[in-house]
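The next block is data_27.pdb, given as PDB, C-alpha atoms and all ligand atoms.
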```
ATOM      1  CA  MET A  37      -6.636  23.942   0.009
ATOM      2  CA  LYS A  38      -7.302  23.649   3.734
ATOM      3  CA  ILE A  39      -4.780  22.141   6.124
ATOM      4  CA  VAL A  40      -6.485  20.707   9.177
ATOM      5  CA  SER A  41      -4.625  19.269  12.159
ATOM      6  CA  ASP A  42      -7.417  19.235  14.691
ATOM      7  CA  ILE A  43      -9.451  16.006  14.729
ATOM      8  CA  ARG A  44     -12.704  17.642  15.842
ATOM      9  CA  GLU A  45     -12.364  20.321  13.155
ATOM     10  CA  MET A  46     -11.811  17.651  10.473
ATOM     11  CA  GLN A  47     -14.860  15.707  11.682
ATOM     12  CA  GLN A  48     -17.032  18.833  11.649
ATOM     13  CA  LEU A  49     -15.791  19.793   8.203
ATOM     14  CA  ALA A  50     -16.553  16.298   6.890
ATOM     15  CA  GLY A  51     -20.029  16.452   8.496
ATOM     16  CA  HIS A  52     -20.609  19.825   6.855
ATOM     17  CA  TYR A  53     -19.595  18.493   3.390
ATOM     18  CA  ARG A  54     -21.875  15.509   3.862
ATOM     19  CA  GLN A  55     -24.801  17.743   4.875
ATOM     20  CA  GLN A  56     -24.271  19.696   1.667
ATOM     21  CA  GLY A  57     -24.604  16.413  -0.240
ATOM     22  CA  LYS A  58     -20.951  16.398  -1.279
ATOM     23  CA  THR A  59     -19.070  13.160  -1.975
ATOM     24  CA  ILE A  60     -15.850  12.822   0.010
ATOM     25  CA  GLY A  61     -12.903  10.988  -1.563
ATOM     26  CA  PHE A  62      -9.995  10.012   0.655
ATOM     27  CA  VAL A  63      -6.372   9.017   0.124
ATOM     28  CA  PRO A  64      -4.620   8.078   3.384
ATOM     29  CA  THR A  65      -0.820   8.447   3.234
ATOM     30  CA  MET A  66       2.205   8.630   5.482
ATOM     31  CA  GLY A  67       3.525  11.574   3.444
ATOM     32  CA  TYR A  68       6.819  11.908   1.607
ATOM     33  CA  LEU A  69       4.617  11.760  -1.462
ATOM     34  CA  HIS A  70       5.736  10.277  -4.752
ATOM     35  CA  GLU A  71       4.099   9.619  -8.093
ATOM     36  CA  GLY A  72       2.436   6.489  -6.645
ATOM     37  CA  HIS A  73       0.546   8.565  -4.066
ATOM     38  CA  LEU A  74      -0.248  11.243  -6.638
ATOM     39  CA  SER A  75      -1.734   8.584  -8.938
ATOM     40  CA  LEU A  76      -4.123   7.606  -6.101
ATOM     41  CA  MET A  77      -5.153  11.247  -5.702
ATOM     42  CA  ARG A  78      -5.654  11.708  -9.463
ATOM     43  CA  ARG A  79      -7.752   8.553  -9.493
ATOM     44  CA  ALA A  80      -9.875   9.744  -6.566
ATOM     45  CA  ARG A  81     -10.269  13.309  -7.889
ATOM     46  CA  PRO A  82     -12.958  12.709 -10.550
ATOM     47  CA  GLN A  83     -14.812  10.291  -8.244
ATOM     48  CA  CYS A  84     -15.605  12.869  -5.550
ATOM     49  CA  ASP A  85     -16.517  16.504  -4.859
ATOM     50  CA  ILE A  86     -14.111  16.937  -1.958
ATOM     51  CA  LEU A  87     -10.722  15.217  -1.960
ATOM     52  CA  VAL A  88      -9.118  14.706   1.440
ATOM     53  CA  VAL A  89      -5.538  13.436   1.833
ATOM     54  CA  SER A  90      -4.172  12.491   5.241
ATOM     55  CA  ILE A  91      -0.495  12.775   6.035
ATOM     56  CA  PHE A  92       0.333  10.864   9.185
ATOM     57  CA  VAL A  93       3.315   8.633   9.932
ATOM     58  CA  ASN A  94       1.412   6.163  12.052
ATOM     59  CA  PRO A  95       3.534   4.950  14.983
ATOM     60  CA  THR A  96       1.372   1.899  15.754
ATOM     61  CA  GLN A  97       2.181   0.195  12.450
ATOM     62  CA  PHE A  98       5.942   0.233  13.068
ATOM     63  CA  GLY A  99       7.673  -2.420  15.150
ATOM     64  CA  PRO A 100      10.102  -1.399  17.921
ATOM     65  CA  ASN A 101      13.159  -1.956  15.703
ATOM     66  CA  GLU A 102      11.679  -0.496  12.546
ATOM     67  CA  ASP A 103      12.156   2.839  10.805
ATOM     68  CA  PHE A 104       9.470   5.021  12.453
ATOM     69  CA  GLU A 105      11.971   7.656  13.610
ATOM     70  CA  ARG A 106      13.828   7.911  10.349
ATOM     71  CA  TYR A 107      10.828   7.493   8.034
ATOM     72  CA  PRO A 108      11.244  10.376   5.541
ATOM     73  CA  ARG A 109       9.103  13.451   6.170
ATOM     74  CA  ASP A 110       8.774  16.674   4.136
ATOM     75  CA  PHE A 111       5.479  18.404   4.817
ATOM     76  CA  ASP A 112       6.200  21.538   2.748
ATOM     77  CA  ARG A 113       6.863  19.493  -0.359
ATOM     78  CA  ASP A 114       3.839  17.247   0.322
ATOM     79  CA  GLU A 115       1.642  20.326   0.715
ATOM     80  CA  ARG A 116       2.815  21.724  -2.628
ATOM     81  CA  LEU A 117       2.212  18.411  -4.415
ATOM     82  CA  CYS A 118      -1.279  18.110  -2.912
ATOM     83  CA  ARG A 119      -2.122  21.618  -4.159
ATOM     84  CA  GLU A 120      -0.877  20.742  -7.639
ATOM     85  CA  VAL A 121      -3.125  17.666  -7.811
ATOM     86  CA  GLY A 122      -6.175  19.639  -6.644
ATOM     87  CA  VAL A 123      -6.600  18.260  -3.128
ATOM     88  CA  ASP A 124      -9.225  20.166  -1.093
ATOM     89  CA  VAL A 125      -8.195  19.225   2.445
ATOM     90  CA  VAL A 126      -4.946  17.885   3.906
ATOM     91  CA  PHE A 127      -5.548  16.238   7.263
ATOM     92  CA  TYR A 128      -2.278  16.408   9.203
ATOM     93  CA  PRO A 129      -2.784  15.315  12.811
ATOM     94  CA  THR A 130      -0.168  14.782  15.509
ATOM     95  CA  ALA A 131       0.522  11.371  17.047
ATOM     96  CA  ASP A 132      -0.517  12.716  20.470
ATOM     97  CA  ALA A 133      -3.907  13.739  19.114
ATOM     98  CA  MET A 134      -4.445  10.424  17.304
ATOM     99  CA  TYR A 135      -3.311   8.316  20.272
ATOM    100  CA  PRO A 136      -4.169  10.203  23.482
ATOM    101  CA  GLN A 137      -2.925   8.350  26.571
ATOM    102  CA  PRO A 138      -4.087   5.918  27.769
ATOM    103  CA  TYR A 139      -4.820   4.475  24.323
ATOM    104  CA  LEU A 140      -6.411   1.007  24.578
ATOM    105  CA  THR A 141      -8.460   0.211  21.474
ATOM    106  CA  TYR A 142      -7.191  -1.620  18.378
ATOM    107  CA  VAL A 143      -8.759  -3.206  15.309
ATOM    108  CA  HIS A 144      -7.425  -6.575  14.195
ATOM    109  CA  VAL A 145      -8.385  -8.492  11.053
ATOM    110  CA  GLU A 146      -7.678 -12.141  11.777
ATOM    111  CA  LYS A 147      -5.910 -14.569   9.477
ATOM    112  CA  LEU A 148      -5.174 -12.175   6.582
ATOM    113  CA  SER A 149      -3.044 -10.056   8.947
ATOM    114  CA  GLU A 150      -0.954 -12.960  10.158
ATOM    115  CA  THR A 151       0.723 -14.121   6.973
ATOM    116  CA  MET A 152       3.325 -12.620   4.572
ATOM    117  CA  CYS A 153       4.130  -9.044   5.729
ATOM    118  CA  GLY A 154       2.145  -9.758   8.893
ATOM    119  CA  ALA A 155       4.398 -12.702   9.768
ATOM    120  CA  SER A 156       7.558 -10.615   9.290
ATOM    121  CA  ARG A 157       6.136  -7.502  10.937
ATOM    122  CA  PRO A 158       4.043  -8.638  13.921
ATOM    123  CA  GLY A 159       1.443  -6.016  14.859
ATOM    124  CA  HIS A 160       1.956  -4.062  11.634
ATOM    125  CA  PHE A 161      -1.511  -4.662  10.211
ATOM    126  CA  ARG A 162      -3.149  -4.128  13.587
ATOM    127  CA  GLY A 163      -1.615  -0.641  13.477
ATOM    128  CA  VAL A 164      -2.784  -0.113   9.895
ATOM    129  CA  THR A 165      -6.381  -1.256  10.481
ATOM    130  CA  THR A 166      -6.575   0.748  13.698
ATOM    131  CA  VAL A 167      -5.403   3.983  12.105
ATOM    132  CA  VAL A 168      -7.505   3.487   8.967
ATOM    133  CA  THR A 169     -10.577   2.928  11.170
ATOM    134  CA  LYS A 170      -9.809   6.136  13.044
ATOM    135  CA  LEU A 171      -9.188   8.040   9.808
ATOM    136  CA  PHE A 172     -12.456   6.753   8.323
ATOM    137  CA  ASN A 173     -14.320   7.911  11.448
ATOM    138  CA  ILE A 174     -12.680  11.325  11.230
ATOM    139  CA  VAL A 175     -12.730  11.975   7.459
ATOM    140  CA  GLN A 176     -16.027  10.116   6.835
ATOM    141  CA  PRO A 177     -15.218   9.330   3.208
ATOM    142  CA  HIS A 178     -17.599   7.843   0.650
ATOM    143  CA  ILE A 179     -14.663   6.403  -1.275
ATOM    144  CA  ALA A 180     -11.054   5.676  -0.250
ATOM    145  CA  VAL A 181      -8.232   4.819  -2.639
ATOM    146  CA  PHE A 182      -5.345   2.502  -1.712
ATOM    147  CA  GLY A 183      -2.400   1.286  -3.794
ATOM    148  CA  GLN A 184      -1.880  -2.260  -5.040
ATOM    149  CA  LYS A 185       1.770  -2.097  -4.029
ATOM    150  CA  ASP A 186       0.531  -2.900  -0.524
ATOM    151  CA  TYR A 187      -1.647  -5.692  -1.888
ATOM    152  CA  GLN A 188      -2.084  -7.428   1.454
ATOM    153  CA  GLN A 189      -2.994  -4.141   3.125
ATOM    154  CA  SER A 190      -5.684  -3.411   0.526
ATOM    155  CA  LEU A 191      -7.185  -6.882   0.980
ATOM    156  CA  ILE A 192      -7.214  -6.501   4.772
ATOM    157  CA  ILE A 193      -8.875  -3.077   4.513
ATOM    158  CA  ARG A 194     -11.555  -4.492   2.198
ATOM    159  CA  GLN A 195     -12.193  -7.310   4.679
ATOM    160  CA  MET A 196     -12.362  -4.861   7.587
ATOM    161  CA  VAL A 197     -14.796  -2.613   5.713
ATOM    162  CA  ARG A 198     -17.009  -5.631   4.985
ATOM    163  CA  ASP A 199     -16.801  -7.091   8.483
ATOM    164  CA  LEU A 200     -17.374  -3.826  10.349
ATOM    165  CA  ASN A 201     -19.975  -2.426   7.915
ATOM    166  CA  PHE A 202     -18.112   0.739   7.076
ATOM    167  CA  ASP A 203     -20.075   2.697   4.495
ATOM    168  CA  VAL A 204     -16.969   3.332   2.376
ATOM    169  CA  GLN A 205     -16.172   2.141  -1.112
ATOM    170  CA  ILE A 206     -12.596   0.869  -1.402
ATOM    171  CA  ASP A 207     -10.801   1.411  -4.685
ATOM    172  CA  VAL A 208      -7.388  -0.140  -5.377
ATOM    173  CA  ALA A 209      -5.088   1.547  -7.894
ATOM    174  CA  PRO A 210      -2.276  -0.090  -9.905
ATOM    175  CA  ILE A 211       1.368   0.062  -8.862
ATOM    176  CA  VAL A 212       3.331   3.000 -10.273
ATOM    177  CA  ARG A 213       6.885   2.130 -11.320
ATOM    178  CA  GLU A 214      10.055   4.007 -12.161
ATOM    179  CA  VAL A 215      11.041   3.699 -15.845
ATOM    180  CA  ASP A 216      13.304   0.752 -15.037
ATOM    181  CA  GLY A 217      10.506  -1.101 -13.214
ATOM    182  CA  LEU A 218      11.240  -0.395  -9.538
ATOM    183  CA  ALA A 219       7.945   0.080  -7.697
ATOM    184  CA  MET A 220       7.703   3.603  -6.266
ATOM    185  CA  SER A 221       8.049   3.744  -2.495
ATOM    186  CA  SER A 222       8.993   6.386   0.054
ATOM    187  CA  ARG A 223      11.551   3.868   1.345
ATOM    188  CA  ASN A 224      13.443   3.916  -1.994
ATOM    189  CA  LYS A 225      15.030   7.052  -0.556
ATOM    190  CA  TYR A 226      17.040   4.876   1.849
ATOM    191  CA  LEU A 227      18.851   3.119  -1.029
ATOM    192  CA  SER A 228      22.403   4.053  -2.036
ATOM    193  CA  SER A 229      22.912   4.268  -5.810
ATOM    194  CA  GLU A 230      24.473   0.785  -5.764
ATOM    195  CA  GLU A 231      21.504  -0.584  -3.778
ATOM    196  CA  ARG A 232      19.061   1.221  -6.069
ATOM    197  CA  GLN A 233      20.444  -0.848  -8.961
ATOM    198  CA  GLN A 234      20.232  -4.058  -6.936
ATOM    199  CA  ALA A 235      16.648  -3.271  -5.927
ATOM    200  CA  LEU A 236      15.598  -4.042  -9.508
ATOM    201  CA  VAL A 237      15.735  -7.747  -8.654
ATOM    202  CA  LEU A 238      12.263  -7.495  -7.118
ATOM    203  CA  TYR A 239      10.765  -6.368 -10.414
ATOM    204  CA  ARG A 240      12.953  -8.713 -12.443
ATOM    205  CA  SER A 241      12.011 -11.743 -10.360
ATOM    206  CA  LEU A 242       8.294 -10.979 -10.792
ATOM    207  CA  THR A 243       8.820 -10.448 -14.504
ATOM    208  CA  ARG A 244      10.675 -13.766 -14.741
ATOM    209  CA  ALA A 245       7.817 -15.552 -12.967
ATOM    210  CA  GLU A 246       5.314 -13.980 -15.359
ATOM    211  CA  GLU A 247       7.387 -15.025 -18.379
ATOM    212  CA  LEU A 248       7.513 -18.615 -17.159
ATOM    213  CA  ILE A 249       3.762 -18.593 -16.536
ATOM    214  CA  ARG A 250       3.216 -17.323 -20.078
ATOM    215  CA  GLU A 251       5.354 -20.190 -21.339
ATOM    216  CA  GLY A 252       3.052 -22.598 -19.517
ATOM    217  CA  GLU A 253       4.799 -23.148 -16.166
ATOM    218  CA  ARG A 254       2.276 -23.643 -13.356
ATOM    219  CA  ASN A 255       4.352 -25.279 -10.632
ATOM    220  CA  VAL A 256       4.837 -22.899  -7.706
ATOM    221  CA  ASP A 257       8.109 -24.505  -6.519
ATOM    222  CA  THR A 258       9.626 -24.047  -9.981
ATOM    223  CA  LEU A 259       8.529 -20.404 -10.062
ATOM    224  CA  LEU A 260       9.845 -19.742  -6.552
ATOM    225  CA  GLN A 261      13.189 -21.251  -7.502
ATOM    226  CA  ALA A 262      13.386 -19.097 -10.641
ATOM    227  CA  MET A 263      12.601 -15.962  -8.626
ATOM    228  CA  LYS A 264      15.228 -16.842  -6.000
ATOM    229  CA  THR A 265      17.817 -17.284  -8.762
ATOM    230  CA  VAL A 266      17.097 -13.776 -10.081
ATOM    231  CA  ILE A 267      17.254 -12.265  -6.586
ATOM    232  CA  SER A 268      20.542 -14.026  -5.826
ATOM    233  CA  GLU A 269      22.140 -11.882  -8.558
ATOM    234  CA  ALA A 270      22.032  -8.938  -6.130
ATOM    235  CA  PRO A 271      24.794  -9.401  -3.527
ATOM    236  CA  ASP A 272      23.050  -7.263  -0.881
ATOM    237  CA  ALA A 273      19.598  -8.815  -1.328
ATOM    238  CA  ARG A 274      18.066 -10.976   1.403
ATOM    239  CA  ILE A 275      14.656 -12.506   0.832
ATOM    240  CA  ASP A 276      12.157 -11.896   3.616
ATOM    241  CA  TYR A 277       9.429 -13.876   1.831
ATOM    242  CA  ILE A 278       8.142 -14.782  -1.588
ATOM    243  CA  ALA A 279       4.484 -15.805  -1.602
ATOM    244  CA  ILE A 280       2.433 -17.283  -4.422
ATOM    245  CA  VAL A 281      -1.057 -17.171  -3.014
ATOM    246  CA  ASP A 282      -4.760 -17.032  -3.722
ATOM    247  CA  ALA A 283      -5.611 -13.361  -4.319
ATOM    248  CA  GLU A 284      -8.637 -13.447  -1.989
ATOM    249  CA  THR A 285      -7.576 -15.710   0.877
ATOM    250  CA  LEU A 286      -3.760 -15.368   0.709
ATOM    251  CA  GLU A 287      -3.577 -19.165   1.101
ATOM    252  CA  PRO A 288      -0.371 -20.571  -0.444
ATOM    253  CA  LEU A 289      -0.905 -22.397  -3.744
ATOM    254  CA  SER A 290       0.989 -25.302  -5.243
ATOM    255  CA  THR A 291      -0.199 -24.532  -8.772
ATOM    256  CA  VAL A 292      -0.702 -21.115 -10.337
ATOM    257  CA  ARG A 293      -4.234 -20.425 -11.585
ATOM    258  CA  HIS A 294      -6.623 -17.541 -12.210
ATOM    259  CA  ASN A 295      -6.519 -14.968  -9.384
ATOM    260  CA  THR A 296      -3.065 -15.730  -8.045
ATOM    261  CA  VAL A 297      -0.926 -13.035  -6.440
ATOM    262  CA  ILE A 298       2.847 -13.280  -6.447
ATOM    263  CA  ALA A 299       4.171 -11.020  -3.703
ATOM    264  CA  LEU A 300       7.578 -10.593  -2.182
ATOM    265  CA  ALA A 301       9.524  -8.656   0.413
ATOM    266  CA  VAL A 302      13.273  -8.381   0.015
ATOM    267  CA  TYR A 303      15.856  -6.539   2.063
ATOM    268  CA  ILE A 304      18.343  -4.635  -0.056
ATOM    269  CA  GLY A 305      21.000  -3.905   2.536
ATOM    270  CA  THR A 306      18.883  -2.745   5.480
ATOM    271  CA  THR A 307      15.957  -1.481   3.402
ATOM    272  CA  ARG A 308      12.934  -3.748   3.153
ATOM    273  CA  LEU A 309      11.097  -3.403  -0.157
ATOM    274  CA  ILE A 310       7.865  -5.047  -1.336
ATOM    275  CA  ASP A 311       6.317  -5.645  -4.737
ATOM    276  CA  ASN A 312       3.729  -7.902  -6.339
ATOM    277  CA  THR A 313       1.882  -8.902  -9.470
ATOM    278  CA  TRP A 314      -1.525 -10.367 -10.032
ATOM    279  CA  ILE A 315      -2.065 -13.307 -12.368
ATOM    280  CA  ARG A 316      -5.456 -13.579 -14.032
ATOM    281  CA  GLU A 317      -7.001 -15.521 -16.862
ATOM    282  CA  LYS A 318      -7.627 -13.527 -20.045
ATOM    283  CA  ASP A 319      -8.839 -15.091 -23.279
ATOM    284  CA  GLY A 320      -8.062 -18.542 -21.902
ATOM    285  CA  LYS A 321      -4.464 -17.603 -20.961
ATOM    286  CA  LEU A 322      -2.917 -16.811 -17.588
ATOM    287  CA  VAL A 323      -1.368 -13.341 -17.710
ATOM    288  CA  GLY A 324       0.192 -11.029 -15.164
ATOM    289  CA  GLN A 325       0.455  -7.270 -15.020
ATOM    290  CA  LEU A 326       4.089  -6.752 -15.993
ATOM    291  CA  VAL A 327       4.962  -8.626 -19.161
ATOM    292  CA  SER A 328       3.007  -7.345 -22.168
ATOM    293  CA  PRO A 329       1.358  -9.970 -24.315
ATOM    294  CA  ARG A 330       3.235 -11.041 -27.441
ATOM    295  CA  GLN A 331       1.539  -9.738 -30.619
TER
HETATM  296  O1  LIG A 401      -0.156   2.624   3.014
HETATM  297  C1  LIG A 401       0.158   3.497   3.856
HETATM  298  O2  LIG A 401       0.827   4.496   3.542
HETATM  299  C2  LIG A 401      -0.271   3.332   5.308
HETATM  300  O3  LIG A 401      -0.234   1.999   5.690
HETATM  301  C3  LIG A 401      -1.648   3.954   5.591
HETATM  302  C4  LIG A 401      -2.759   3.259   4.814
HETATM  303  C5  LIG A 401      -1.637   5.431   5.232
HETATM  304  C6  LIG A 401      -1.973   3.814   7.072
HETATM  305  O4  LIG A 401      -1.041   4.459   7.864
END
```
Written as structure tokens, that's how I'd like the structure from this file.
Amino acid sequence: MKIVSDIREMQQLAGHYRQQGKTIGFVPTMGYLHEGHLSLMRRARPQCDILVVSIFVNPTQFGPNEDFERYPRDFDRDERLCREVGVDVVFYPTADAMYPQPYLTYVHVEKLSETMCGASRPGHFRGVTTVVTKLFNIVQPHIAVFGQKDYQQSLIIRQMVRDLNFDVQIDVAPIVREVDGLAMSSRNKYLSSEERQQALVLYRSLTRAEELIREGERNVDTLLQAMKTVISEAPDARIDYIAIVDAETLEPLSTVRHNTVIALAVYIGTTRLIDNTWIREKDGKLVGQLVSPRQ
């Protein structure tokens, strides 16, 4: 496995692989890898000849009062995990190399970037789309895999790829959860053991919404209220947003229907966690991704 920090070297390597007719698969990450990231790599592995993983805590996607400085980092462990999964190249640039001064160019996807996480974290998606554009230009992937946990991010990237004619196929992989349902996230590390227990309200509130939908509830206000009731069971939980939206446009809905996403961001103490589920019609019934169908 190669570890490449130099941008030019990574670009030349990617060009060389492409000249040899090799397919490049790419999983961009901010490191501190967990099973969720590894699932993206395992999904990409059989779809490409060369698997590239980037590890870069991207400063432009953090707000001034956010956790950029304390975002967990452990390159040695990440390197070992990448080797175990069969990664070919780890791209590990510095912030100075990615954003040489003066840095003046950003990519912004309108509308989709302004709602939900974008409303709570102004500039966040501009940072994401800018760095992903740069990474695509450097790694030159044929296919890139993102996680559904960041549902809004994956939708914005798809839109960007369409709008800017990137020749990259975007694949979105399902959320990986702990056995008790908590969605895997590098930020789970911030939780105390008491908060870790309370963090289950995100999963439970989504599960509750899915159960109600299965029972025939379609009214968004009723579902929102039910989710809020579940979350209020955690004393240290503070809702940032709960959104029940069209899966393509992220427009708020008043009635749940096929292709609805239920997404939420909740602070547990000072840690902001996100999660979501996708409601689709199957065999004439609306079903989500969490509650298994009754036999
Ligand atoms: O999802 C993430 O970890 C980041 O937003 C990404 C896509 C690696 C860009 O920094």
Surrounding residues of Asn224 of chain A excluding itself and chain neighbours under 6 positions, 10 Å, all atoms listed in the file, as a PyMOL selection string: chain A and resi 218+231-232+235+307-309
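Reported to one decimal place, the separation of atom CA of Glu247 of chain A from atom CA of Val266 of chain A is 12.8 Å.
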Expansion of the PyMOL selection byres (((not hetatm)) within 9 of (chain A and resi 401)) into residues, as a ChimeraX atom specification: /A:63-67,73,90-97,160-161,163-168,171,182-183,185-186,189-190,193
Straight-line distance linking atom CA of Ile174 of chain A with atom CA of Glu150 of chain A, stated in Å to one decimal: 27.0 Å
Expected selection from the PyMOL selection byres (((chain A and resi 175) around 9) and not hetatm), given as a ChimeraX atom specification: /A:43,46-47,49-51,60,62,88,90,127,170-174,176-177
Evaluate the PyMOL selection byres (((chain A and resi 251) around 12) and not hetatm) and report residues as an MDAnalysis selection string: chainID A and resid 244:250 252:255 259 321:323 327 329:330
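Note that atom CA of Gly159 of chain A and atom CA of Tyr135 of chain A are 16.0 Å apart.
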Contacts of Ile315 of chain A within 6 Å, all atoms listed in the file, excl. fewer than 6 positions in-chain, as a PyMOL selection string: chain A and resi 295-296+323-324
Selected residue of minimal separation from Ser241 of chain A among A:Asp257, A:Asp216, A:Asp203, A:Asp311, counting all atoms listed in the file: A:Asp311
Residue nearest Phe202 of chain A among A:Gln325, A:Gly320, A:His70, A:Ile179 (counting all atoms listed in the file):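 Going through A:Gln325, A:Gly320, A:His70, A:Ile179 one by one, the smallest distance to Phe202 of chain A is for A:Ile179.
With distances restricted to all atoms listed in the file, A:Lys264 is the closest residue to Arg240 of chain A from A:Arg116, A:Lys264, A:Lys147, A:Arg157.
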Asp276 of chain A environment, 10 Å, all atoms listed in the file, sequence neighbours closer than 5 positions dropped, as a list in words: Met152, Cys153, Ala155, Ser156, Leu300, Ala301, Val302, Tyr303, Arg308, Leu309 and Ile310 of chain A
File of the preceding selection, C-alpha atoms, as a PDB file, keeping the file's coordinate frame:
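Result saved to again.pdb:
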```
ATOM      1  CA  MET A 152       3.325 -12.620   4.572  1.00  0.00           C
ATOM      2  CA  CYS A 153       4.130  -9.044   5.729  1.00  0.00           C
ATOM      3  CA  ALA A 155       4.398 -12.702   9.768  1.00  0.00           C
ATOM      4  CA  SER A 156       7.558 -10.615   9.290  1.00  0.00           C
ATOM      5  CA  LEU A 300       7.578 -10.593  -2.182  1.00  0.00           C
ATOM      6  CA  ALA A 301       9.524  -8.656   0.413  1.00  0.00           C
ATOM      7  CA  VAL A 302      13.273  -8.381   0.015  1.00  0.00           C
ATOM      8  CA  TYR A 303      15.856  -6.539   2.063  1.00  0.00           C
ATOM      9  CA  ARG A 308      12.934  -3.748   3.153  1.00  0.00           C
ATOM     10  CA  LEU A 309      11.097  -3.403  -0.157  1.00  0.00           C
ATOM     11  CA  ILE A 310       7.865  -5.047  -1.336  1.00  0.00           C
TER      12      ILE A 310
END
```
Nearby residues (all atoms listed in the file) at most 8 Å from Met220 of chain A, same-chain spacing under 4 positions excluded, as number ranges by chain: A: 70-72, 211-214, 224
Expected answer as a PyMOL selection string: all residues with atoms within 12 Å of (10.6, 16.4, 3.4), all atoms listed in the file: chain A and resi 66-70+91+106-117+222+225
